[in-house]
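The file input_26.pdb comes next; it holds PDB, C-alpha atoms, pLDDT in the B column.
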```
ATOM      1  CA  MET G   1      -5.847  15.792   9.588  1.00 45.00           C
ATOM      2  CA  LYS G   2      -7.285  17.459   6.499  1.00 48.00           C
ATOM      3  CA  LYS G   3      -6.588  15.945   3.110  1.00 52.00           C
ATOM      4  CA  HIS G   4      -4.599  18.906   1.837  1.00 55.00           C
ATOM      5  CA  ALA G   5      -2.351  18.705   4.908  1.00 54.00           C
ATOM      6  CA  VAL G   6      -1.605  15.041   4.206  1.00 48.00           C
ATOM      7  CA  THR G   7      -0.748  15.955   0.613  1.00 54.00           C
ATOM      8  CA  LEU G   8       1.734  18.560   1.831  1.00 51.00           C
ATOM      9  CA  LEU G   9       3.306  16.002   4.155  1.00 48.00           C
ATOM     10  CA  ILE G  10       3.761  13.530   1.313  1.00 45.00           C
ATOM     11  CA  LEU G  11       5.336  16.222  -0.847  1.00 48.00           C
ATOM     12  CA  ALA G  12       7.751  16.956   1.985  1.00 47.00           C
ATOM     13  CA  VAL G  13       8.921  13.334   1.802  1.00 44.00           C
ATOM     14  CA  VAL G  14      10.596  14.040  -1.551  1.00 42.00           C
ATOM     15  CA  SER G  15      13.147  16.323   0.114  1.00 41.00           C
ATOM     16  CA  LEU G  16      13.881  13.951   2.982  1.00 42.00           C
ATOM     17  CA  PRO G  17      16.320  10.987   3.086  1.00 45.00           C
ATOM     18  CA  GLY G  18      13.511   8.450   3.288  1.00 48.00           C
ATOM     19  CA  LEU G  19      12.245   5.568   1.195  1.00 52.00           C
ATOM     20  CA  ALA G  20      10.228   7.276  -1.536  1.00 54.00           C
ATOM     21  CA  ASN G  21      11.688   7.243  -5.034  1.00 59.00           C
ATOM     22  CA  ALA G  22      10.996   8.799  -8.394  1.00 56.00           C
ATOM     23  CA  ASP G  23       8.617   5.939  -9.287  1.00 77.00           C
ATOM     24  CA  SER G  24       6.378   6.477  -6.249  1.00 87.00           C
ATOM     25  CA  ALA G  25       2.785   6.838  -7.424  1.00 90.00           C
ATOM     26  CA  CYS G  26       1.855   8.027  -3.939  1.00 89.00           C
ATOM     27  CA  VAL G  27       4.202  11.006  -4.309  1.00 87.00           C
ATOM     28  CA  THR G  28       3.061  11.594  -7.894  1.00 88.00           C
ATOM     29  CA  ASP G  29      -0.576  11.703  -6.763  1.00 86.00           C
ATOM     30  CA  ALA G  30       0.350  14.345  -4.198  1.00 85.00           C
ATOM     31  CA  LYS G  31       2.372  16.376  -6.711  1.00 84.00           C
ATOM     32  CA  THR G  32      -0.417  16.421  -9.280  1.00 86.00           C
ATOM     33  CA  GLY G  33      -3.204  16.954  -6.762  1.00 85.00           C
ATOM     34  CA  ASN G  34      -4.844  13.710  -7.857  1.00 88.00           C
ATOM     35  CA  ARG G  35      -8.335  13.502  -6.359  1.00 89.00           C
ATOM     36  CA  THR G  36      -9.584  10.586  -8.446  1.00 95.00           C
ATOM     37  CA  VAL G  37     -12.250   8.602  -6.588  1.00 96.00           C
ATOM     38  CA  LEU G  38     -12.177   4.877  -7.332  1.00 97.00           C
ATOM     39  CA  ALA G  39     -15.197   3.813  -5.275  1.00 96.00           C
ATOM     40  CA  VAL G  40     -17.870   5.168  -2.939  1.00 95.00           C
ATOM     41  CA  SER G  41     -19.698   3.044  -0.384  1.00 94.00           C
ATOM     42  CA  GLY G  42     -21.565   3.862   2.796  1.00 91.00           C
ATOM     43  CA  GLY G  43     -20.514   7.490   2.655  1.00 91.00           C
ATOM     44  CA  GLN G  44     -16.834   6.525   2.453  1.00 94.00           C
ATOM     45  CA  ARG G  45     -14.630   7.202  -0.568  1.00 95.00           C
ATOM     46  CA  LEU G  46     -11.665   5.263  -1.842  1.00 96.00           C
ATOM     47  CA  THR G  47      -9.259   7.563  -3.667  1.00 96.00           C
ATOM     48  CA  GLN G  48      -6.457   6.683  -6.034  1.00 96.00           C
ATOM     49  CA  MET G  49      -3.959   8.232  -3.631  1.00 94.00           C
ATOM     50  CA  GLN G  50      -5.154   5.951  -0.833  1.00 94.00           C
ATOM     51  CA  ALA G  51      -4.865   2.908  -3.088  1.00 95.00           C
ATOM     52  CA  ASP G  52      -1.414   3.841  -4.392  1.00 95.00           C
ATOM     53  CA  CYS G  53      -0.019   4.668  -0.952  1.00 93.00           C
ATOM     54  CA  ALA G  54      -1.469   1.469   0.517  1.00 93.00           C
ATOM     55  CA  LEU G  55       0.186  -0.695  -2.126  1.00 94.00           C
ATOM     56  CA  GLU G  56       3.565   0.951  -1.596  1.00 93.00           C
ATOM     57  CA  LEU G  57       3.211   0.575   2.174  1.00 90.00           C
ATOM     58  CA  ILE G  58       2.402  -3.112   1.904  1.00 92.00           C
ATOM     59  CA  ASP G  59       5.310  -3.581  -0.489  1.00 92.00           C
ATOM     60  CA  PHE G  60       7.740  -1.906   1.902  1.00 90.00           C
ATOM     61  CA  MET G  61       6.467  -3.731   4.987  1.00 89.00           C
ATOM     62  CA  ALA G  62       6.663  -7.081   3.222  1.00 92.00           C
ATOM     63  CA  ALA G  63      10.169  -6.389   1.929  1.00 92.00           C
ATOM     64  CA  ALA G  64      11.313  -5.247   5.378  1.00 91.00           C
ATOM     65  CA  ALA G  65       9.807  -8.291   7.089  1.00 92.00           C
ATOM     66  CA  ARG G  66      11.036 -10.852   4.514  1.00 92.00           C
ATOM     67  CA  GLY G  67      14.349  -9.245   3.634  1.00 92.00           C
ATOM     68  CA  VAL G  68      13.581  -9.254  -0.093  1.00 91.00           C
ATOM     69  CA  ASP G  69      11.116  -7.416  -2.328  1.00 90.00           C
ATOM     70  CA  LEU G  70       8.916 -10.093  -3.882  1.00 88.00           C
ATOM     71  CA  ILE G  71       6.069  -7.752  -4.883  1.00 91.00           C
ATOM     72  CA  GLN G  72       7.992  -5.245  -7.030  1.00 83.00           C
ATOM     73  CA  VAL G  73       5.321  -2.624  -7.651  1.00 91.00           C
ATOM     74  CA  ASP G  74       5.117  -1.224 -11.186  1.00 92.00           C
ATOM     75  CA  GLU G  75       2.481   0.599 -13.229  1.00 92.00           C
ATOM     76  CA  PRO G  76       0.668  -2.530 -14.521  1.00 92.00           C
ATOM     77  CA  MET G  77       0.330  -3.759 -10.928  1.00 94.00           C
ATOM     78  CA  ARG G  78      -0.959  -0.379  -9.774  1.00 94.00           C
ATOM     79  CA  GLN G  79      -3.650  -0.390 -12.440  1.00 94.00           C
ATOM     80  CA  ILE G  80      -4.810  -3.877 -11.498  1.00 94.00           C
ATOM     81  CA  TRP G  81      -4.670  -3.017  -7.783  1.00 94.00           C
ATOM     82  CA  ARG G  82      -6.873   0.060  -8.283  1.00 95.00           C
ATOM     83  CA  MET G  83      -9.409  -1.966 -10.249  1.00 93.00           C
ATOM     84  CA  TYR G  84      -9.322  -4.746  -7.656  1.00 92.00           C
ATOM     85  CA  LEU G  85      -9.903  -2.377  -4.733  1.00 93.00           C
ATOM     86  CA  ALA G  86     -12.661  -0.511  -6.569  1.00 94.00           C
ATOM     87  CA  ASN G  87     -14.538  -3.788  -7.030  1.00 92.00           C
ATOM     88  CA  VAL G  88     -14.105  -5.155  -3.520  1.00 91.00           C
ATOM     89  CA  TYR G  89     -14.360  -1.864  -1.599  1.00 93.00           C
ATOM     90  CA  PRO G  90     -18.156  -1.971  -1.006  1.00 92.00           C
ATOM     91  CA  LYS G  91     -17.754  -5.290   0.819  1.00 89.00           C
ATOM     92  CA  LEU G  92     -14.580  -4.513   2.762  1.00 89.00           C
ATOM     93  CA  PRO G  93     -14.981  -4.418   6.552  1.00 87.00           C
ATOM     94  CA  ASP G  94     -14.318  -1.226   8.507  1.00 86.00           C
ATOM     95  CA  GLY G  95     -10.811  -2.289   9.512  1.00 84.00           C
ATOM     96  CA  ASP G  96      -9.712  -2.528   5.889  1.00 87.00           C
ATOM     97  CA  ARG G  97     -11.300   0.802   4.998  1.00 90.00           C
ATOM     98  CA  THR G  98      -9.541   2.449   7.933  1.00 88.00           C
ATOM     99  CA  PHE G  99      -6.202   1.096   6.719  1.00 88.00           C
ATOM    100  CA  LEU G 100      -6.836   2.476   3.224  1.00 91.00           C
ATOM    101  CA  ALA G 101      -8.033   5.855   4.501  1.00 91.00           C
ATOM    102  CA  LYS G 102      -4.911   6.285   6.634  1.00 89.00           C
ATOM    103  CA  ALA G 103      -2.472   4.926   4.051  1.00 90.00           C
ATOM    104  CA  PRO G 104      -1.213   8.363   2.858  1.00 89.00           C
ATOM    105  CA  LEU G 105      -0.413   9.449   6.421  1.00 87.00           C
ATOM    106  CA  MET G 106       1.238   6.115   7.174  1.00 88.00           C
ATOM    107  CA  PHE G 107       3.261   6.453   3.966  1.00 86.00           C
ATOM    108  CA  TYR G 108       4.584   9.753   5.277  1.00 84.00           C
ATOM    109  CA  ASN G 109       5.309   8.337   8.736  1.00 84.00           C
ATOM    110  CA  VAL G 110       7.264   5.386   7.376  1.00 86.00           C
ATOM    111  CA  ASN G 111       9.306   7.442   4.926  1.00 84.00           C
ATOM    112  CA  VAL G 112      10.274  10.053   7.495  1.00 81.00           C
ATOM    113  CA  THR G 113      10.720   7.858  10.544  1.00 85.00           C
ATOM    114  CA  TRP G 114      12.095   4.519   9.341  1.00 87.00           C
ATOM    115  CA  PRO G 115      15.581   5.736   8.314  1.00 86.00           C
ATOM    116  CA  ARG G 116      15.976   7.416  11.708  1.00 86.00           C
ATOM    117  CA  LEU G 117      15.048   4.430  13.853  1.00 86.00           C
ATOM    118  CA  THR G 118      17.770   2.387  15.484  1.00 90.00           C
ATOM    119  CA  PRO G 119      18.425  -1.091  14.016  1.00 93.00           C
ATOM    120  CA  ALA G 120      16.853  -2.580  17.138  1.00 93.00           C
ATOM    121  CA  ALA G 121      13.687  -0.533  16.666  1.00 90.00           C
ATOM    122  CA  GLN G 122      13.529  -1.447  12.978  1.00 90.00           C
ATOM    123  CA  ASN G 123      13.812  -5.129  13.862  1.00 92.00           C
ATOM    124  CA  GLN G 124      10.979  -4.718  16.334  1.00 89.00           C
ATOM    125  CA  TYR G 125       8.716  -3.459  13.576  1.00 87.00           C
ATOM    126  CA  ARG G 126       9.919  -6.168  11.188  1.00 91.00           C
ATOM    127  CA  ARG G 127       8.850  -8.812  13.701  1.00 90.00           C
ATOM    128  CA  ALA G 128       5.503  -7.125  14.284  1.00 87.00           C
ATOM    129  CA  TRP G 129       4.815  -6.788  10.567  1.00 88.00           C
ATOM    130  CA  ALA G 130       5.855 -10.394   9.915  1.00 89.00           C
ATOM    131  CA  THR G 131       3.139 -11.458  12.358  1.00 87.00           C
ATOM    132  CA  VAL G 132       0.282  -9.449  10.857  1.00 84.00           C
ATOM    133  CA  LEU G 133       1.171  -9.441   7.144  1.00 87.00           C
ATOM    134  CA  PRO G 134       0.173 -12.971   6.013  1.00 88.00           C
ATOM    135  CA  PRO G 135      -3.559 -12.274   5.452  1.00 87.00           C
ATOM    136  CA  VAL G 136      -2.702  -8.936   3.823  1.00 87.00           C
ATOM    137  CA  LEU G 137      -0.321 -10.641   1.399  1.00 89.00           C
ATOM    138  CA  GLU G 138      -2.969 -13.267   0.732  1.00 88.00           C
ATOM    139  CA  PHE G 139      -5.415 -10.472  -0.084  1.00 88.00           C
ATOM    140  CA  ILE G 140      -3.119  -8.893  -2.688  1.00 90.00           C
ATOM    141  CA  GLN G 141      -1.852 -12.183  -4.148  1.00 90.00           C
ATOM    142  CA  PRO G 142      -4.399 -12.206  -7.013  1.00 89.00           C
ATOM    143  CA  VAL G 143      -3.120  -8.752  -7.998  1.00 91.00           C
ATOM    144  CA  VAL G 144       0.522  -9.842  -7.866  1.00 91.00           C
ATOM    145  CA  ALA G 145      -0.233 -12.961  -9.905  1.00 90.00           C
ATOM    146  CA  ALA G 146      -2.203 -11.036 -12.542  1.00 89.00           C
ATOM    147  CA  ALA G 147       0.415  -8.285 -12.856  1.00 88.00           C
ATOM    148  CA  ARG G 148       3.303 -10.612 -13.634  1.00 82.00           C
ATOM    149  CA  PRO G 149       2.217 -11.689 -17.127  1.00 73.00           C
ATOM    150  CA  LEU G 150       1.021  -8.162 -17.876  1.00 60.00           C
ATOM    151  CA  SER G 151       4.397  -6.689 -16.927  1.00 58.00           C
ATOM    152  CA  SER G 152       6.189  -9.355 -18.932  1.00 55.00           C
ATOM    153  CA  SER G 153       4.107  -8.647 -22.031  1.00 54.00           C
ATOM    154  CA  GLN G 154       4.790  -4.915 -21.765  1.00 53.00           C
ATOM    155  CA  MET G 155       8.500  -5.612 -21.531  1.00 50.00           C
ATOM    156  CA  ALA G 156       8.251  -7.791 -24.621  1.00 52.00           C
ATOM    157  CA  ASN G 157       6.317  -5.087 -26.449  1.00 53.00           C
ATOM    158  CA  GLY G 158       9.063  -2.623 -25.613  1.00 53.00           C
ATOM    159  CA  GLN G 159      11.626  -4.907 -27.247  1.00 48.00           C
ATOM    160  CA  GLY G 160       9.625  -5.901 -30.295  1.00 49.00           C
ATOM    161  CA  ALA G 161       6.269  -5.740 -31.966  1.00 44.00           C
ATOM    162  CA  GLY G 162       4.527  -7.368 -29.021  1.00 43.00           C
ATOM    163  CA  THR G 163       2.140 -10.314 -29.352  1.00 42.00           C
ATOM    164  CA  SER G 164       0.790 -10.756 -25.829  1.00 40.00           C
ATOM    165  CA  SER G 165      -1.997  -8.187 -25.705  1.00 40.00           C
ATOM    166  CA  GLY G 166      -4.651 -10.869 -25.390  1.00 42.00           C
ATOM    167  CA  SER G 167      -3.071 -12.565 -22.418  1.00 41.00           C
ATOM    168  CA  ALA G 168      -2.367  -9.189 -20.810  1.00 39.00           C
ATOM    169  CA  ALA G 169      -6.002  -8.188 -21.115  1.00 39.00           C
ATOM    170  CA  SER G 170      -7.194 -11.440 -19.594  1.00 42.00           C
ATOM    171  CA  ALA G 171      -4.661 -11.121 -16.783  1.00 42.00           C
ATOM    172  CA  SER G 172      -5.960  -7.689 -15.837  1.00 43.00           C
ATOM    173  CA  SER G 173      -9.446  -9.108 -15.215  1.00 49.00           C
ATOM    174  CA  ASP G 174      -8.362 -12.052 -13.071  1.00 49.00           C
ATOM    175  CA  PRO G 175      -8.318 -10.323  -9.661  1.00 52.00           C
ATOM    176  CA  VAL G 176     -11.993  -9.384  -9.806  1.00 50.00           C
ATOM    177  CA  GLY G 177     -12.926 -12.982 -10.489  1.00 49.00           C
ATOM    178  CA  ASP G 178     -10.838 -13.960  -7.486  1.00 51.00           C
ATOM    179  CA  TYR G 179     -12.991 -11.997  -5.059  1.00 46.00           C
ATOM    180  CA  ARG G 180     -14.437 -15.211  -3.630  1.00 49.00           C
ATOM    181  CA  HIS G 181     -10.971 -15.903  -2.255  1.00 50.00           C
ATOM    182  CA  GLN G 182     -10.885 -12.487  -0.578  1.00 50.00           C
ATOM    183  CA  GLN G 183     -14.254 -13.111   1.080  1.00 48.00           C
ATOM    184  CA  ALA G 184     -12.837 -16.133   2.894  1.00 46.00           C
ATOM    185  CA  ILE G 185     -10.171 -14.056   4.636  1.00 43.00           C
ATOM    186  CA  SER G 186     -11.905 -10.662   5.038  1.00 49.00           C
ATOM    187  CA  SER G 187     -12.619 -10.929   8.760  1.00 46.00           C
ATOM    188  CA  SER G 188      -9.069 -11.986   9.557  1.00 46.00           C
ATOM    189  CA  LEU G 189      -7.700  -9.307   7.245  1.00 48.00           C
ATOM    190  CA  ALA G 190      -9.643  -6.584   9.048  1.00 51.00           C
ATOM    191  CA  THR G 191      -8.174  -7.579  12.397  1.00 50.00           C
ATOM    192  CA  HIS G 192      -4.616  -7.718  11.094  1.00 52.00           C
ATOM    193  CA  ASN G 193      -4.987  -4.477   9.133  1.00 56.00           C
ATOM    194  CA  SER G 194      -6.090  -2.700  12.314  1.00 56.00           C
ATOM    195  CA  ILE G 195      -2.964  -3.939  14.096  1.00 56.00           C
ATOM    196  CA  MET G 196      -0.755  -3.009  11.150  1.00 56.00           C
ATOM    197  CA  THR G 197      -2.333   0.450  10.976  1.00 58.00           C
ATOM    198  CA  MET G 198      -1.541   1.135  14.614  1.00 56.00           C
ATOM    199  CA  ASN G 199       1.988  -0.273  14.303  1.00 56.00           C
ATOM    200  CA  THR G 200       2.721   1.974  11.358  1.00 56.00           C
ATOM    201  CA  ILE G 201       1.188   5.154  12.767  1.00 50.00           C
ATOM    202  CA  ASN G 202       3.171   4.537  15.938  1.00 52.00           C
ATOM    203  CA  LEU G 203       6.399   4.797  13.941  1.00 48.00           C
ATOM    204  CA  MET G 204       6.164   8.576  14.171  1.00 43.00           C
ATOM    205  CA  SER G 205       5.398   8.653  17.884  1.00 45.00           C
ATOM    206  CA  SER G 206       8.216   6.177  18.506  1.00 43.00           C
ATOM    207  CA  TYR G 207      10.690   8.431  16.753  1.00 40.00           C
ATOM    208  CA  ASN G 208       9.423  11.531  18.571  1.00 43.00           C
ATOM    209  CA  HIS G 209       9.799   9.755  21.896  1.00 43.00           C
ATOM    210  CA  MET G 210      13.327   8.625  21.053  1.00 39.00           C
ATOM    211  CA  SER G 211      14.405  12.060  19.837  1.00 41.00           C
ATOM    212  CA  GLY G 212      12.724  13.972  22.648  1.00 43.00           C
ATOM    213  CA  HIS G 213      10.378  15.880  20.297  1.00 46.00           C
TER     214      HIS G 213
END
```
Represent the structure of the file as structure tokens.
Amino acid sequence: MKKHAVTLLILAVVSLPGLANADSACVTDAKTGNRTVLAVSGGQRLTQMQADCALELIDFMAAAARGVDLIQVDEPMRQIWRMYLANVYPKLPDGDRTFLAKAPLMFYNVNVTWPRLTPAAQNQYRRAWATVLPPVLEFIQPVVAAARPLSSSQMANGQGAGTSSGSAASASSDPVGDYRHQQAISSSLATHNSIMTMNTINLMSSYNHMSGH
């Protein structure tokens, strides 16, 4: 599917009773025609839309599988996530790059299909995601950890003069230094990302089969 077609699909999500909300950076990227390239390696490009959609997908899958949203994506986390991915992208295995490349389409599939699945079907995906998510959550943990103090400092700055700019700046650089941790789990992550990619793409085909489309 061509990139512009995926963008149109994401824009269609806004008018559907799905999961996207006004704070969705994935939808914003589609609305603004964001074509920012974060990294290029081996002829493959990582775009900001791919990164933003991937983070929101992981957040939703984790919340669905665990029953609570422990990631809580916000703008400071998105900025750290983009920087993190841009730095590790050249060394990511093919399975991870495939997941990122297909993230916008999977974002669309989840938003359109999930609300229309039966509770039994949703539970089936929750169980599948719970099985494959651990290495993915381990991969993004440095980002989550670094974003927390940065988000807290921004909240404090909004309430007062703000005195935490130094700690916020240091927090934003932590994930890159944590790349050695990512290297230890990259092979496992690629395998689980491939499974998660197929599970998520299959959401649309599952709905079509159920509805007779």
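Between CA of Met49 (chain G) and CA of Gln141 (chain G) the interatomic distance comes to 20.5 Å.
Proximity to region 69-82 of chain G at 6 Å, evaluated using only C-alpha atoms and with sequence-adjacent residues fewer than 2 positions away removed, yields Ala63, Tyr84, Leu85, Val143, Ala147 and Ser172 of chain G.
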Output C-alpha atoms for every residue in that selection, as a compact mmCIF listing (two decimals), in the coordinates of the input.
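Output (result22.txt):
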```txt
# COMPACT_ATOMS: atom_id res chain seq x y z
CA ALA G 63 10.17 -6.39 1.93
CA TYR G 84 -9.32 -4.75 -7.66
CA LEU G 85 -9.90 -2.38 -4.73
CA VAL G 143 -3.12 -8.75 -8.00
CA ALA G 147 0.42 -8.28 -12.86
CA SER G 172 -5.96 -7.69 -15.84
```
Contacts of Val37 (chain G) within 8 Å, only C-alpha atoms, excl. fewer than 2 positions in-chain, as an MDAnalysis selection string:
chainID G and resid 35 39:40 45:48
Name the residues within 12 Å of (-10.1, 2.3, 5.7), counting only C-alpha atoms in the file's coordinates, and put them as a PyMOL selection string.
chain G and resi 40-42+44-47+50-51+54+85+89-104+189-190+193-194+197
Can you spell out as an NGL selection string the set of residues that the PyMOL selection byres ((chain G and resi 137) around 12) selects in the structure I just provided?
:G and (55 or 57-63 or 65-66 or 70-71 or 129-136 or 138-145 or 182 or 185 or 189 or 192-193)
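CA of Ala30 (chain G) is found 27.4 Å from CA of Val68 (chain G).
When CA of Gly67 (chain G) is paired with CA of Gln122 (chain G), their separation reads 12.2 Å.
Closest approach to Ala86 (chain G) among G:Leu38, G:Ala146, G:Ala64, G:Ala25: G:Leu38, based on only C-alpha atoms.
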Report as lines of an AutoDock Vina configuration file the centre and the edge lengths, in Å to one decimal, of the axis-aligned box holding every listed atom of region 91-109 of chain G, padded by 8 Å on each side.
```
center_x = -6.2
center_y = 2.2
center_z = 5.2
size_x = 39.1
size_y = 31.0
size_z = 24.7
```
For region 67-89 of chain G, supply N, CA, C and O atoms and report the output as an mmCIF file, keeping the file's coordinate frame.
```
data_model
loop_
_atom_site.group_PDB
_atom_site.id
_atom_site.type_symbol
_atom_site.label_atom_id
_atom_site.label_comp_id
_atom_site.auth_asym_id
_atom_site.auth_seq_id
_atom_site.Cartn_x
_atom_site.Cartn_y
_atom_site.Cartn_z
ATOM 1 N N GLY G 67 12.964 -9.467 4.041
ATOM 2 C CA GLY G 67 14.349 -9.245 3.634
ATOM 3 C C GLY G 67 14.557 -9.227 2.141
ATOM 4 O O GLY G 67 15.690 -9.137 1.664
ATOM 5 N N VAL G 68 13.483 -9.291 1.366
ATOM 6 C CA VAL G 68 13.581 -9.254 -0.093
ATOM 7 C C VAL G 68 12.259 -8.745 -0.643
ATOM 8 O O VAL G 68 11.194 -9.021 -0.087
ATOM 9 N N ASP G 69 12.322 -7.966 -1.722
ATOM 10 C CA ASP G 69 11.116 -7.416 -2.328
ATOM 11 C C ASP G 69 10.574 -8.397 -3.363
ATOM 12 O O ASP G 69 11.098 -8.503 -4.475
ATOM 13 N N LEU G 70 9.518 -9.111 -2.989
ATOM 14 C CA LEU G 70 8.916 -10.093 -3.882
ATOM 15 C C LEU G 70 7.693 -9.549 -4.603
ATOM 16 O O LEU G 70 7.120 -10.228 -5.453
ATOM 17 N N ILE G 71 7.254 -8.330 -4.258
ATOM 18 C CA ILE G 71 6.069 -7.752 -4.883
ATOM 19 C C ILE G 71 6.454 -6.912 -6.090
ATOM 20 O O ILE G 71 5.863 -7.027 -7.149
ATOM 21 N N GLN G 72 7.457 -6.048 -5.929
ATOM 22 C CA GLN G 72 7.992 -5.245 -7.030
ATOM 23 C C GLN G 72 6.889 -4.485 -7.756
ATOM 24 O O GLN G 72 6.484 -4.831 -8.873
ATOM 25 N N VAL G 73 6.413 -3.430 -7.121
ATOM 26 C CA VAL G 73 5.321 -2.624 -7.651
ATOM 27 C C VAL G 73 5.746 -1.896 -8.931
ATOM 28 O O VAL G 73 6.810 -1.276 -8.983
ATOM 29 N N ASP G 74 4.909 -1.984 -9.967
ATOM 30 C CA ASP G 74 5.117 -1.224 -11.186
ATOM 31 C C ASP G 74 3.753 -0.726 -11.667
ATOM 32 O O ASP G 74 2.724 -0.972 -11.027
ATOM 33 N N GLU G 75 3.730 -0.013 -12.778
ATOM 34 C CA GLU G 75 2.481 0.599 -13.229
ATOM 35 C C GLU G 75 1.399 -0.428 -13.584
ATOM 36 O O GLU G 75 0.229 -0.232 -13.225
ATOM 37 N N PRO G 76 1.715 -1.534 -14.276
ATOM 38 C CA PRO G 76 0.668 -2.530 -14.521
ATOM 39 C C PRO G 76 0.043 -3.052 -13.230
ATOM 40 O O PRO G 76 -1.174 -3.223 -13.158
ATOM 41 N N MET G 77 0.876 -3.283 -12.201
ATOM 42 C CA MET G 77 0.330 -3.759 -10.928
ATOM 43 C C MET G 77 -0.553 -2.699 -10.280
ATOM 44 O O MET G 77 -1.611 -3.030 -9.721
ATOM 45 N N ARG G 78 -0.145 -1.443 -10.367
ATOM 46 C CA ARG G 78 -0.959 -0.379 -9.774
ATOM 47 C C ARG G 78 -2.338 -0.321 -10.421
ATOM 48 O O ARG G 78 -3.347 -0.148 -9.729
ATOM 49 N N GLN G 79 -2.373 -0.465 -11.734
ATOM 50 C CA GLN G 79 -3.650 -0.390 -12.440
ATOM 51 C C GLN G 79 -4.577 -1.533 -12.039
ATOM 52 O O GLN G 79 -5.783 -1.339 -11.839
ATOM 53 N N ILE G 80 -4.016 -2.723 -11.916
ATOM 54 C CA ILE G 80 -4.810 -3.877 -11.498
ATOM 55 C C ILE G 80 -5.261 -3.711 -10.044
ATOM 56 O O ILE G 80 -6.405 -4.008 -9.684
ATOM 57 N N TRP G 81 -4.365 -3.231 -9.197
ATOM 58 C CA TRP G 81 -4.670 -3.017 -7.783
ATOM 59 C C TRP G 81 -5.832 -2.027 -7.617
ATOM 60 O O TRP G 81 -6.743 -2.253 -6.820
ATOM 61 N N ARG G 82 -5.801 -0.932 -8.374
ATOM 62 C CA ARG G 82 -6.873 0.060 -8.283
ATOM 63 C C ARG G 82 -8.204 -0.550 -8.690
ATOM 64 O O ARG G 82 -9.233 -0.324 -8.040
ATOM 65 N N MET G 83 -8.198 -1.314 -9.780
ATOM 66 C CA MET G 83 -9.409 -1.966 -10.249
ATOM 67 C C MET G 83 -9.918 -2.977 -9.219
ATOM 68 O O MET G 83 -11.114 -3.063 -8.929
ATOM 69 N N TYR G 84 -9.001 -3.730 -8.664
ATOM 70 C CA TYR G 84 -9.322 -4.746 -7.656
ATOM 71 C C TYR G 84 -9.985 -4.102 -6.448
ATOM 72 O O TYR G 84 -11.059 -4.521 -6.006
ATOM 73 N N LEU G 85 -9.350 -3.047 -5.908
ATOM 74 C CA LEU G 85 -9.903 -2.377 -4.733
ATOM 75 C C LEU G 85 -11.258 -1.748 -5.031
ATOM 76 O O LEU G 85 -12.162 -1.793 -4.192
ATOM 77 N N ALA G 86 -11.397 -1.142 -6.206
ATOM 78 C CA ALA G 86 -12.661 -0.511 -6.569
ATOM 79 C C ALA G 86 -13.800 -1.524 -6.572
ATOM 80 O O ALA G 86 -14.929 -1.210 -6.173
ATOM 81 N N ASN G 87 -13.508 -2.743 -6.978
ATOM 82 C CA ASN G 87 -14.538 -3.788 -7.030
ATOM 83 C C ASN G 87 -14.856 -4.382 -5.670
ATOM 84 O O ASN G 87 -16.008 -4.714 -5.390
ATOM 85 N N VAL G 88 -13.858 -4.517 -4.811
ATOM 86 C CA VAL G 88 -14.105 -5.155 -3.520
ATOM 87 C C VAL G 88 -14.445 -4.153 -2.417
ATOM 88 O O VAL G 88 -14.948 -4.542 -1.365
ATOM 89 N N TYR G 89 -14.196 -2.874 -2.650
ATOM 90 C CA TYR G 89 -14.360 -1.864 -1.599
ATOM 91 C C TYR G 89 -15.738 -1.881 -0.930
ATOM 92 O O TYR G 89 -15.822 -1.803 0.304
#
```
